[in-house]
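Chemist: Dropping in input07.cif, which is mmCIF, C-alpha atoms:
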data_data
loop_
_atom_site.label_atom_id
_atom_site.label_comp_id
_atom_site.auth_asym_id
_atom_site.auth_seq_id
_atom_site.Cartn_x
_atom_site.Cartn_y
_atom_site.Cartn_z
CA MET A 6 77.75 -135.37 34.66
CA ASP A 7 78.68 -136.32 38.21
CA VAL A 8 81.62 -138.27 36.86
CA LEU A 9 82.98 -135.13 35.20
CA ARG A 10 82.75 -133.25 38.50
CA ASP A 11 84.46 -136.13 40.31
CA ALA A 12 87.17 -136.09 37.66
CA LEU A 13 87.81 -132.40 38.28
CA VAL A 14 88.00 -133.08 42.01
CA TRP A 15 90.47 -135.91 41.32
CA LEU A 16 92.53 -133.58 39.15
CA SER A 17 92.66 -130.96 41.88
CA GLU A 18 93.95 -133.34 44.58
CA SER A 19 97.51 -132.54 45.57
CA GLU A 20 98.74 -136.15 45.32
CA GLN A 21 98.15 -135.96 41.56
CA TRP A 22 100.64 -133.13 41.26
CA SER A 23 103.73 -134.30 43.13
CA GLY A 24 105.54 -137.56 43.75
CA ASP A 25 106.28 -140.73 41.85
CA GLY A 26 103.05 -141.54 40.02
CA SER A 27 101.93 -137.92 39.73
CA LEU A 28 100.58 -136.37 36.56
CA PRO A 29 103.68 -134.24 35.80
CA ARG A 30 105.77 -137.41 36.02
CA ARG A 31 103.33 -139.25 33.74
CA VAL A 32 103.43 -136.39 31.25
CA MET A 33 107.23 -136.59 31.18
CA GLU A 34 107.14 -140.36 30.61
CA HIS A 35 104.59 -139.87 27.87
CA LEU A 36 106.67 -137.17 26.17
CA TYR A 37 109.81 -139.28 26.51
CA TYR A 38 108.35 -142.24 24.61
CA THR A 39 106.72 -139.95 22.08
CA GLY A 40 109.85 -137.89 21.44
CA LEU A 41 112.14 -140.90 21.12
CA ALA A 42 109.78 -142.67 18.72
CA VAL A 43 109.22 -139.56 16.57
CA VAL A 44 112.96 -138.94 16.19
CA VAL A 45 113.71 -142.54 15.19
CA ALA A 46 110.72 -142.65 12.84
CA ALA A 47 111.86 -139.38 11.21
CA LEU A 48 115.40 -140.70 10.73
CA VAL A 49 114.01 -143.66 8.80
CA ALA A 50 111.02 -142.14 7.02
CA ILE A 51 112.31 -138.76 5.80
CA PRO A 52 115.39 -140.04 3.88
CA ALA A 53 113.28 -142.87 2.43
CA GLY A 54 110.51 -140.46 1.44
CA TYR A 55 112.99 -137.99 -0.10
CA PHE A 56 114.68 -140.79 -2.02
CA VAL A 57 111.44 -142.11 -3.44
CA GLY A 58 110.09 -138.62 -4.08
CA HIS A 59 113.25 -137.46 -5.86
CA THR A 60 113.99 -140.56 -7.92
CA THR A 61 110.39 -141.92 -8.07
CA ARG A 62 112.08 -145.31 -7.75
CA GLY A 63 110.15 -147.96 -5.89
CA SER A 64 107.30 -145.52 -5.30
CA THR A 65 104.51 -148.00 -6.06
CA TRP A 66 105.43 -150.66 -3.56
CA LEU A 67 106.80 -148.34 -0.86
CA VAL A 68 103.65 -146.20 -0.94
CA GLY A 69 101.62 -149.40 -0.84
CA LEU A 70 103.64 -150.67 2.10
CA ALA A 71 103.16 -147.42 4.02
CA GLY A 72 99.42 -147.73 3.39
CA ALA A 73 99.33 -151.34 4.54
CA ALA A 74 101.20 -150.46 7.75
CA ARG A 75 98.20 -148.34 8.75
CA ALA A 76 96.15 -151.50 9.03
CA LEU A 77 98.41 -152.79 11.83
CA PRO A 78 96.56 -152.67 15.16
CA SER A 79 98.82 -150.57 17.38
CA PHE A 80 97.83 -152.23 20.66
CA GLY A 81 98.49 -155.72 19.28
CA LEU A 82 101.79 -154.65 17.81
CA ILE A 83 103.02 -153.34 21.19
CA LEU A 84 102.02 -156.52 23.04
CA LEU A 85 103.44 -158.79 20.33
CA LEU A 86 106.81 -157.02 20.31
CA VAL A 87 106.99 -157.00 24.12
CA LEU A 88 106.37 -160.75 24.19
CA LEU A 89 109.03 -161.29 21.54
CA PHE A 90 111.60 -159.03 23.25
CA GLY A 91 110.92 -160.31 26.76
CA VAL A 92 110.14 -158.27 29.86
CA SER A 93 113.67 -156.83 30.10
CA GLY A 94 113.42 -155.46 26.56
CA ARG A 95 109.88 -154.15 26.88
CA GLU A 96 110.89 -150.50 26.65
CA THR A 97 112.75 -151.08 23.37
CA ALA A 98 109.83 -153.16 22.13
CA ALA A 99 107.25 -150.51 22.96
CA VAL A 100 109.27 -147.69 21.38
CA LEU A 101 109.85 -149.86 18.29
CA ALA A 102 106.09 -150.37 17.98
CA LEU A 103 105.56 -146.60 18.21
CA VAL A 104 108.25 -146.05 15.55
CA VAL A 105 106.56 -148.49 13.16
CA LEU A 106 103.27 -146.60 13.60
CA GLY A 107 104.90 -143.21 13.21
CA ILE A 108 106.71 -143.99 9.95
CA PRO A 109 103.82 -144.13 7.41
CA PRO A 110 102.52 -140.56 7.82
CA LEU A 111 106.08 -139.14 7.87
CA PHE A 112 107.05 -141.13 4.79
CA ALA A 113 103.90 -140.06 2.98
CA GLY A 114 104.60 -136.42 3.94
CA ALA A 115 108.18 -136.51 2.67
CA TYR A 116 107.22 -138.38 -0.50
CA SER A 117 104.06 -136.51 -1.50
CA GLY A 118 105.68 -133.19 -0.54
CA ILE A 119 108.18 -133.67 -3.34
CA HIS A 120 105.67 -135.40 -5.59
CA GLN A 121 103.33 -132.38 -5.56
CA ILE A 122 105.99 -129.94 -6.78
CA PRO A 123 105.29 -129.08 -10.45
CA ARG A 124 107.77 -130.95 -12.66
CA THR A 125 108.58 -127.73 -14.52
CA VAL A 126 110.11 -126.25 -11.36
CA ILE A 127 112.46 -129.19 -10.94
CA ASP A 128 113.29 -129.32 -14.64
CA ALA A 129 114.09 -125.60 -14.51
CA ALA A 130 116.47 -126.18 -11.60
CA ARG A 131 118.16 -128.99 -13.51
CA ALA A 132 118.38 -126.85 -16.66
CA GLN A 133 120.21 -124.17 -14.68
CA GLY A 134 122.91 -126.71 -13.93
CA MET A 135 122.02 -127.68 -10.37
CA THR A 136 123.32 -131.08 -9.27
CA GLU A 137 120.83 -133.65 -8.01
CA TRP A 138 121.84 -132.87 -4.40
CA GLN A 139 121.34 -129.16 -4.96
CA ILE A 140 117.92 -129.83 -6.45
CA LEU A 141 117.00 -131.92 -3.40
CA TRP A 142 118.25 -129.47 -0.76
CA ARG A 143 117.62 -126.10 -2.40
CA VAL A 144 114.43 -126.77 -4.35
CA GLU A 145 112.61 -129.90 -3.29
CA ALA A 146 113.26 -129.82 0.47
CA PRO A 147 112.06 -126.22 1.05
CA LEU A 148 109.10 -126.51 -1.30
CA SER A 149 107.97 -129.77 0.27
CA LEU A 150 108.51 -128.65 3.89
CA PRO A 151 104.90 -127.71 4.65
CA VAL A 152 103.64 -131.08 3.44
CA LEU A 153 106.40 -132.88 5.35
CA LEU A 154 105.43 -131.02 8.53
CA GLY A 155 101.82 -132.03 7.91
CA GLY A 156 103.05 -135.62 7.90
CA LEU A 157 105.07 -135.00 11.05
CA ARG A 158 101.96 -133.63 12.72
CA GLN A 159 99.98 -136.76 11.89
CA SER A 160 102.86 -138.94 13.00
CA VAL A 161 103.16 -137.19 16.37
CA LEU A 162 99.41 -137.43 16.84
CA GLN A 163 99.44 -141.15 16.11
CA ILE A 164 102.36 -141.77 18.47
CA VAL A 165 100.96 -139.67 21.33
CA ALA A 166 97.67 -141.55 21.07
CA THR A 167 99.33 -144.95 20.96
CA ALA A 168 101.71 -144.11 23.81
CA THR A 169 98.67 -144.21 26.13
CA LEU A 170 98.69 -147.98 25.57
CA VAL A 171 102.27 -148.66 26.73
CA ALA A 172 100.97 -148.46 30.31
CA TYR A 173 99.46 -151.89 29.72
CA VAL A 174 102.95 -153.42 29.68
CA GLY A 175 103.93 -151.50 32.82
CA LEU A 176 105.76 -148.61 31.22
CA GLY A 177 103.77 -145.74 32.69
CA GLY A 178 102.77 -142.70 30.69
CA LEU A 179 99.40 -141.00 30.90
CA GLY A 180 97.54 -144.17 29.98
CA TYR A 181 98.48 -145.65 33.36
CA ASP A 182 95.72 -143.98 35.34
CA ILE A 183 93.12 -145.10 32.79
CA ILE A 184 94.27 -148.69 32.36
CA GLN A 185 94.71 -149.15 36.11
CA GLY A 186 91.46 -147.35 36.91
CA ILE A 187 89.05 -149.26 34.64
CA PRO A 188 89.08 -152.60 36.54
CA LEU A 189 88.79 -150.68 39.83
CA ARG A 190 85.88 -148.60 38.42
CA ARG A 191 87.68 -145.45 39.53
CA PHE A 192 85.99 -143.36 36.87
CA ASP A 193 87.00 -140.05 38.46
CA GLN A 194 90.60 -141.12 37.89
CA THR A 195 90.09 -142.46 34.34
CA VAL A 196 88.15 -139.42 33.17
CA GLY A 197 90.60 -137.06 34.88
CA ALA A 198 93.55 -138.74 33.15
CA ALA A 199 91.68 -138.70 29.84
CA ILE A 200 91.26 -134.92 30.16
CA VAL A 201 95.01 -134.51 30.70
CA ILE A 202 95.78 -136.72 27.66
CA VAL A 203 93.45 -134.67 25.46
CA ALA A 204 95.05 -131.44 26.70
CA LEU A 205 98.53 -132.79 25.93
CA ALA A 206 97.56 -133.99 22.45
CA LEU A 207 95.84 -130.70 21.58
CA THR A 208 98.79 -128.65 22.82
CA LEU A 209 101.29 -130.63 20.74
CA ASP A 210 99.03 -130.43 17.71
CA ALA A 211 98.56 -126.68 18.03
CA PHE A 212 102.32 -126.24 18.33
CA LEU A 213 102.96 -128.29 15.18
CA ALA A 214 100.22 -126.46 13.30
CA LEU A 215 101.96 -123.20 14.11
CA ALA A 216 105.33 -124.62 13.01
CA THR A 217 103.79 -125.72 9.69
CA ARG A 218 102.47 -122.25 9.06
CA LEU A 219 105.81 -120.62 9.87
CA ALA A 220 107.69 -123.10 7.65
CA THR A 221 105.75 -122.31 4.51
CA PRO A 222 108.17 -120.47 2.20
CA ARG A 223 107.17 -116.94 1.30
CA GLY A 224 105.29 -116.83 -1.96
CA VAL A 225 104.32 -120.47 -1.74
CA ARG A 226 100.99 -121.32 -0.27
CA VAL A 227 100.27 -125.01 -0.33
CA GLY A 228 96.59 -124.84 0.45
CA ARG A 229 94.98 -128.27 0.55
CA LEU A 230 91.90 -127.19 -1.35
CA ALA A 231 93.74 -125.23 -4.01
CA ASP A 232 96.05 -128.20 -4.30
CA VAL A 233 93.33 -130.69 -5.11
CA ARG A 234 91.49 -128.39 -7.45
CA ALA A 235 94.61 -127.64 -9.45
CA ARG A 236 94.96 -131.26 -10.56
CA MET B 25 100.21 -173.29 15.10
CA ASP B 26 98.68 -175.69 17.64
CA TRP B 27 97.06 -172.78 19.40
CA VAL B 28 95.38 -171.64 16.19
CA LEU B 29 94.06 -175.12 15.39
CA ASP B 30 92.71 -175.57 18.92
CA ASN B 31 90.89 -172.25 18.94
CA GLY B 32 89.24 -172.14 15.52
CA ASP B 33 85.76 -171.50 16.94
CA LEU B 34 86.89 -168.62 19.14
CA ILE B 35 88.82 -167.04 16.26
CA LEU B 36 85.75 -167.23 14.03
CA SER B 37 83.34 -165.79 16.60
CA LEU B 38 85.66 -162.93 17.61
CA THR B 39 86.33 -162.17 13.93
CA LEU B 40 82.58 -161.82 13.39
CA ASP B 41 82.28 -159.58 16.49
CA HIS B 42 85.16 -157.51 15.14
CA LEU B 43 83.51 -157.15 11.72
CA ARG B 44 80.25 -156.01 13.30
CA LEU B 45 81.99 -153.50 15.58
CA SER B 46 83.88 -152.12 12.56
CA VAL B 47 81.16 -151.95 9.92
CA ILE B 48 78.55 -150.14 12.08
CA PRO B 49 80.76 -147.12 12.91
CA ILE B 50 82.13 -146.98 9.35
CA VAL B 51 78.59 -146.74 7.93
CA ILE B 52 77.36 -144.27 10.58
CA GLY B 53 80.49 -142.14 10.26
CA VAL B 54 80.40 -141.94 6.47
CA LEU B 55 76.67 -141.14 6.38
CA ILE B 56 77.18 -138.25 8.83
CA ALA B 57 80.42 -137.05 7.24
CA ILE B 58 79.26 -136.67 3.62
CA PRO B 59 76.64 -133.95 4.29
CA LEU B 60 79.00 -132.26 6.78
CA GLY B 61 81.80 -132.36 4.20
CA TRP B 62 79.51 -130.81 1.61
CA LEU B 63 78.55 -128.11 4.09
CA ALA B 64 82.20 -127.47 4.91
CA HIS B 65 83.01 -127.08 1.23
CA ARG B 66 79.98 -124.91 0.46
CA PHE B 67 80.44 -121.96 2.82
CA ALA B 68 83.58 -120.25 4.10
CA TRP B 69 82.27 -119.92 7.68
CA SER B 70 81.29 -123.57 7.92
CA GLN B 71 84.61 -124.69 6.49
CA SER B 72 86.79 -123.26 9.25
CA LEU B 73 84.23 -124.19 11.89
CA LEU B 74 83.70 -127.82 10.81
CA LEU B 75 87.27 -128.61 9.81
CA GLY B 76 88.51 -127.08 13.07
CA ALA B 77 86.04 -129.15 15.08
CA VAL B 78 86.86 -132.46 13.39
CA GLY B 79 90.56 -131.66 13.72
CA VAL B 80 90.13 -131.43 17.49
CA LEU B 81 88.10 -134.67 17.62
CA TYR B 82 90.69 -136.50 15.57
CA THR B 83 93.41 -135.43 17.99
CA ILE B 84 91.81 -137.20 20.97
CA PRO B 85 93.42 -140.61 21.61
CA SER B 86 90.94 -143.50 21.43
CA LEU B 87 91.46 -144.67 25.02
CA ALA B 88 90.73 -141.15 26.27
CA LEU B 89 87.62 -140.90 24.10
CA PHE B 90 86.34 -144.21 25.51
CA MET B 91 86.51 -142.55 28.94
CA LEU B 92 84.97 -139.21 27.94
CA ILE B 93 81.96 -140.35 25.90
CA PRO B 94 80.12 -142.30 28.65
CA PRO B 95 79.68 -139.36 31.07
CA LEU B 96 78.71 -137.05 28.19
CA VAL B 97 76.15 -139.44 26.65
CA GLY B 98 75.07 -141.23 29.81
CA ILE B 99 76.03 -144.81 28.97
CA SER B 100 78.26 -147.37 30.67
CA VAL B 101 81.99 -147.29 29.97
CA LEU B 102 81.89 -151.05 29.48
CA SER B 103 79.13 -151.01 26.85
CA GLU B 104 79.42 -151.78 23.15
CA ALA B 105 77.59 -148.52 22.43
CA ASN B 106 80.53 -146.64 23.91
CA VAL B 107 82.98 -148.17 21.42
CA ILE B 108 80.58 -147.76 18.48
CA ILE B 109 79.96 -144.08 19.26
CA ALA B 110 83.67 -143.36 19.76
CA LEU B 111 84.66 -145.04 16.51
CA SER B 112 81.85 -143.24 14.64
CA VAL B 113 83.26 -139.97 15.96
CA TYR B 114 86.68 -140.87 14.52
CA ALA B 115 85.13 -141.93 11.22
CA VAL B 116 83.43 -138.53 10.98
CA ALA B 117 86.65 -136.77 12.00
CA ILE B 118 88.63 -138.45 9.21
CA MET B 119 85.93 -138.35 6.57
CA VAL B 120 84.63 -134.75 6.77
CA ARG B 121 87.92 -133.32 5.52
CA THR B 122 88.15 -135.81 2.65
CA ALA B 123 84.50 -135.23 1.75
CA SER B 124 85.11 -131.48 1.69
CA ASP B 125 88.14 -132.03 -0.58
CA ALA B 126 86.06 -134.35 -2.74
CA PHE B 127 83.38 -131.75 -3.41
CA ALA B 128 86.03 -129.07 -3.93
CA SER B 129 87.73 -131.23 -6.58
CA ILE B 130 84.73 -130.99 -8.92
CA GLU B 131 85.24 -128.73 -11.91
CA PRO B 132 83.12 -125.60 -11.32
CA ALA B 133 82.28 -125.63 -15.06
CA ALA B 134 80.58 -129.00 -14.65
CA LEU B 135 78.38 -127.58 -11.89
CA ARG B 136 77.49 -124.51 -13.92
CA ALA B 137 76.67 -126.76 -16.86
CA ALA B 138 74.38 -128.85 -14.63
CA THR B 139 72.59 -125.74 -13.45
CA ALA B 140 72.33 -124.53 -17.05
CA VAL B 141 70.59 -127.71 -18.20
CA GLY B 142 68.04 -127.27 -15.45
CA TYR B 143 69.16 -129.14 -12.35
CA ALA B 144 67.86 -127.65 -9.11
CA GLU B 145 70.06 -127.67 -5.98
CA TRP B 146 69.03 -131.12 -4.67
CA GLY B 147 68.90 -132.88 -8.00
CA ARG B 148 72.27 -131.46 -8.87
CA PHE B 149 73.73 -132.76 -5.64
CA PHE B 150 72.58 -136.35 -6.16
CA SER B 151 72.98 -136.60 -9.96
CA VAL B 152 76.10 -134.50 -10.52
CA GLU B 153 78.08 -133.58 -7.41
CA LEU B 154 77.92 -136.89 -5.58
CA PRO B 155 78.96 -139.03 -8.58
CA LEU B 156 81.79 -136.65 -9.51
CA ALA B 157 83.01 -136.55 -5.91
CA GLY B 158 82.70 -140.34 -5.73
CA PRO B 159 86.29 -141.40 -6.40
CA VAL B 160 87.77 -139.09 -3.74
CA LEU B 161 84.96 -140.00 -1.32
CA LEU B 162 85.78 -143.66 -1.86
CA ALA B 163 89.44 -143.02 -1.05
CA GLY B 164 88.29 -141.43 2.22
CA VAL B 165 86.02 -144.35 3.10
CA ARG B 166 88.94 -146.71 2.54
CA VAL B 167 91.10 -144.78 5.02
CA VAL B 168 88.21 -144.75 7.52
CA ALA B 169 87.65 -148.50 7.12
CA VAL B 170 91.27 -149.47 7.66
CA SER B 171 91.76 -147.23 10.70
CA THR B 172 88.45 -148.28 12.28
CA VAL B 173 89.25 -151.99 11.98
CA SER B 174 92.55 -151.35 13.74
CA MET B 175 91.03 -149.17 16.49
CA VAL B 176 88.27 -151.63 17.40
CA THR B 177 90.91 -153.72 19.16
CA VAL B 178 91.50 -151.03 21.81
CA GLY B 179 87.89 -151.61 22.90
CA VAL B 180 89.01 -154.73 24.74
CA LEU B 181 90.42 -152.43 27.43
CA VAL B 182 86.87 -151.34 28.23
CA GLY B 183 85.68 -154.94 28.07
CA VAL B 184 84.22 -154.95 24.54
CA GLN B 185 85.11 -158.22 22.84
CA SER B 186 86.82 -158.19 19.47
CA LEU B 187 90.02 -159.64 18.08
CA GLY B 188 91.65 -157.37 20.67
CA TYR B 189 90.77 -160.07 23.22
CA PHE B 190 93.62 -162.13 21.76
CA PHE B 191 96.04 -159.29 22.55
CA THR B 192 95.27 -159.02 26.27
CA ASP B 193 94.57 -162.71 26.85
CA GLY B 194 97.61 -163.83 24.85
CA PHE B 195 99.81 -161.28 26.60
CA GLN B 196 98.76 -162.35 30.08
CA ARG B 197 99.20 -166.04 29.24
CA ARG B 198 102.43 -165.36 27.29
CA ILE B 199 101.16 -167.11 24.16
CA ILE B 200 102.87 -165.38 21.23
CA ALA B 201 100.77 -167.31 18.69
CA GLU B 202 97.58 -165.92 20.24
CA VAL B 203 98.67 -162.26 20.04
CA ALA B 204 100.04 -162.85 16.53
CA THR B 205 96.73 -164.39 15.46
CA GLY B 206 94.92 -161.28 16.68
CA VAL B 207 97.27 -158.99 14.73
CA VAL B 208 97.11 -161.08 11.55
CA MET B 209 93.32 -161.45 11.61
CA THR B 210 92.88 -157.70 12.19
CA VAL B 211 95.04 -156.95 9.15
CA VAL B 212 93.15 -159.61 7.14
CA ILE B 213 89.82 -157.94 7.97
CA ALA B 214 91.25 -154.52 7.04
CA VAL B 215 92.54 -155.79 3.69
CA LEU B 216 89.28 -157.64 3.05
CA LEU B 217 87.09 -154.58 3.70
CA ASP B 218 89.46 -152.42 1.64
CA THR B 219 89.29 -154.81 -1.33
CA LEU B 220 85.52 -155.00 -0.98
CA LEU B 221 85.32 -151.18 -1.11
CA VAL B 222 87.47 -151.04 -4.26
CA VAL B 223 85.30 -153.66 -5.97
CA LEU B 224 82.15 -151.88 -4.82
CA GLY B 225 83.57 -148.62 -6.18
CA ARG B 226 84.14 -150.20 -9.61
CA ILE B 227 80.59 -151.51 -9.69
CA VAL B 228 78.94 -148.29 -8.47
CA MET B 229 81.20 -145.96 -10.45
CA PRO B 230 81.93 -147.78 -13.73
CA TRP B 231 82.84 -144.46 -15.36
CA ASN B 232 85.85 -144.10 -13.12
CA ARG B 233 88.51 -146.69 -12.45
CA VAL B 234 89.39 -144.91 -9.17
CA GLY B 235 92.01 -142.80 -10.86
CA THR B 236 95.25 -141.33 -9.68
CA GLU B 237 93.57 -138.30 -8.13
CA ALA B 238 91.73 -140.34 -5.53
CA GLN B 239 94.81 -142.36 -4.78
CA ARG B 240 96.95 -139.30 -4.30
CA VAL B 241 94.55 -137.87 -1.75
CA ALA B 242 94.53 -141.21 0.05
CA VAL B 243 98.31 -141.25 0.32
CA ARG B 244 98.29 -138.25 2.65
#
Spell out the structure here as structure tokens.

Modeler:
Amino acid sequence: MDVLRDALVWLSESEQWSGDGSLPRRVMEHLYYTGLAVVVAALVAIPAGYFVGHTTRGSTWLVGLAGAARALPSFGLILLLVLLFGVSGRETAAVLALVVLGIPPLFAGAYSGIHQIPRTVIDAARAQGMTEWQILWRVEAPLSLPVLLGGLRQSVLQIVATATLVAYVGLGGLGYDIIQGIPLRRFDQTVGAAIVIVALALTLDAFLALATRLATPRGVRVGRLADVRAR
Amino acid sequence: MDWVLDNGDLILSLTLDHLRLSVIPIVIGVLIAIPLGWLAHRFAWSQSLLLGAVGVLYTIPSLALFMLIPPLVGISVLSEANVIIALSVYAVAIMVRTASDAFASIEPAALRAATAVGYAEWGRFFSVELPLAGPVLLAGVRVVAVSTVSMVTVGVLVGVQSLGYFFTDGFQRRIIAEVATGVVMTVVIAVLLDTLLVVLGRIVMPWNRVGTEAQRVAVR
């Protein structure tokens, strides 16, 4: 328990709160990598997921591929890409690794969001004379939004967690104080930084949970349990 | 390729370490998660409490958890126990929700029928609920297995040897083949364990060919 007290002391020191390697700076670095990776991942995964969900074309192998991507060890992927890109391209390499890890949950969210809509609803829209684009934007997109946001939440979580590892290739972020502190046995520093990481992850998650709730269309409640039981 | 041929022994021994460090938390996690999942499904109060708690645990990044568990449990940061406990926590965090979904997916009529033919609470759980929840539970175990195998590698940062050793060592020595070997072998173990689980599922649950329902839950 002494370590926890030391960690709180470390957190309260003024040098952790201003200057170059301070915690606010680390948080900004962390959010920068996370935000960039999430946006790029979304630009790839959401159109792909909508396409597969709407047309059901290629669903078997794309869903399989997204599943297989989860087996990729994130730490190894970052280091491998950094070695391949060279030191000058390490930032691109690290963000690319985060993007690869962020895609599967977003893709699954976009795809299964549309997939779970009862076929009768989509057939009804088509019978009323809606074009395929109208069906996608006016029916499928809103009805699948809560599931998509669930995928976004998982994706953000995955990327925030993995972004702690980019410090190993010298890119900063909140993982820095942990990765630098372990060989020095500065456990007040590592535990203190871990507390900040947890706080950041929980805050982002709570924010996205709230967004998911607000995005659920009125009259549609996509409860997980009700969802499974209905099948 | 030369690097791989020269280091066959090391690859084999680290692969075995990796397997051990993966299988122990998977088994511990699943054994803890199934009763908790049942509890979460059974009562309204336990559902919000348990699912909320595992949601928070799941949110914690692995590197941070490796730092936080030692002072709470009283073990060394650099110990294997640290990694095994942390990964078991993640396994529970992933599995409780799936287990709760699995028990919720059982037709209530089937449970009432079981009660009607004379099953008491415990007998009903083992003879009716568990087998019927099996396919969805299996889907959850597969997700747990794959993510655990991948997360074991982060343990190298706290000095616990696994295939993750190839990442840090290969990176420092700038040997691309070494890092690539680590990545490929980790994926191979994940695919191997996953296939093993599917085969095991077919043997244990011959009445169900792991249908679409289980797969759909797994996709999320």

Chemist: On this file, the PyMOL selection byres ((chain B and resi 201) around 12) gives some set of residues; write that set as a PyMOL selection string.

Modeler: (chain A and resi 81+84-85+88-89) or (chain B and resi 25-31+190-191+193-195+197-200+202-209)

Chemist: Evaluate the PyMOL selection byres ((chain B) within 8 of (chain A)) here and jot the selected residues down as JSON, numbers by chain.

Modeler: {"B": [80, 83, 84, 85, 86, 87, 88, 89, 91, 92, 95, 96, 125, 128, 129, 130, 131, 170, 171, 173, 174, 175, 177, 178, 181, 182, 188, 191, 192, 195, 198, 200, 203, 204, 206, 207, 210, 211, 214, 215, 237, 243, 244]}

Chemist: For the file shown, what are the residues hit by the PyMOL selection byres ((chain B and resi 41) around 12), laid out as a PyMOL selection string?

Modeler: chain B and resi 34-40+42-48+104+173+176-177+179-180+184-189+210+213

Chemist: Between CA of Leu162 in chain B and CA of Met119 in chain B, what is the spacing in Å?

Modeler: 10.0 Å

Chemist: Could you check how far CA of Val168 in chain B sits from CA of Ile118 in chain B, in Å to one decimal?

Modeler: 6.5 Å

Chemist: Quote the spacing between CA of Trp138 in chain A and CA of Tyr55 in chain A in Å to one decimal place.

Modeler: 11.1 Å
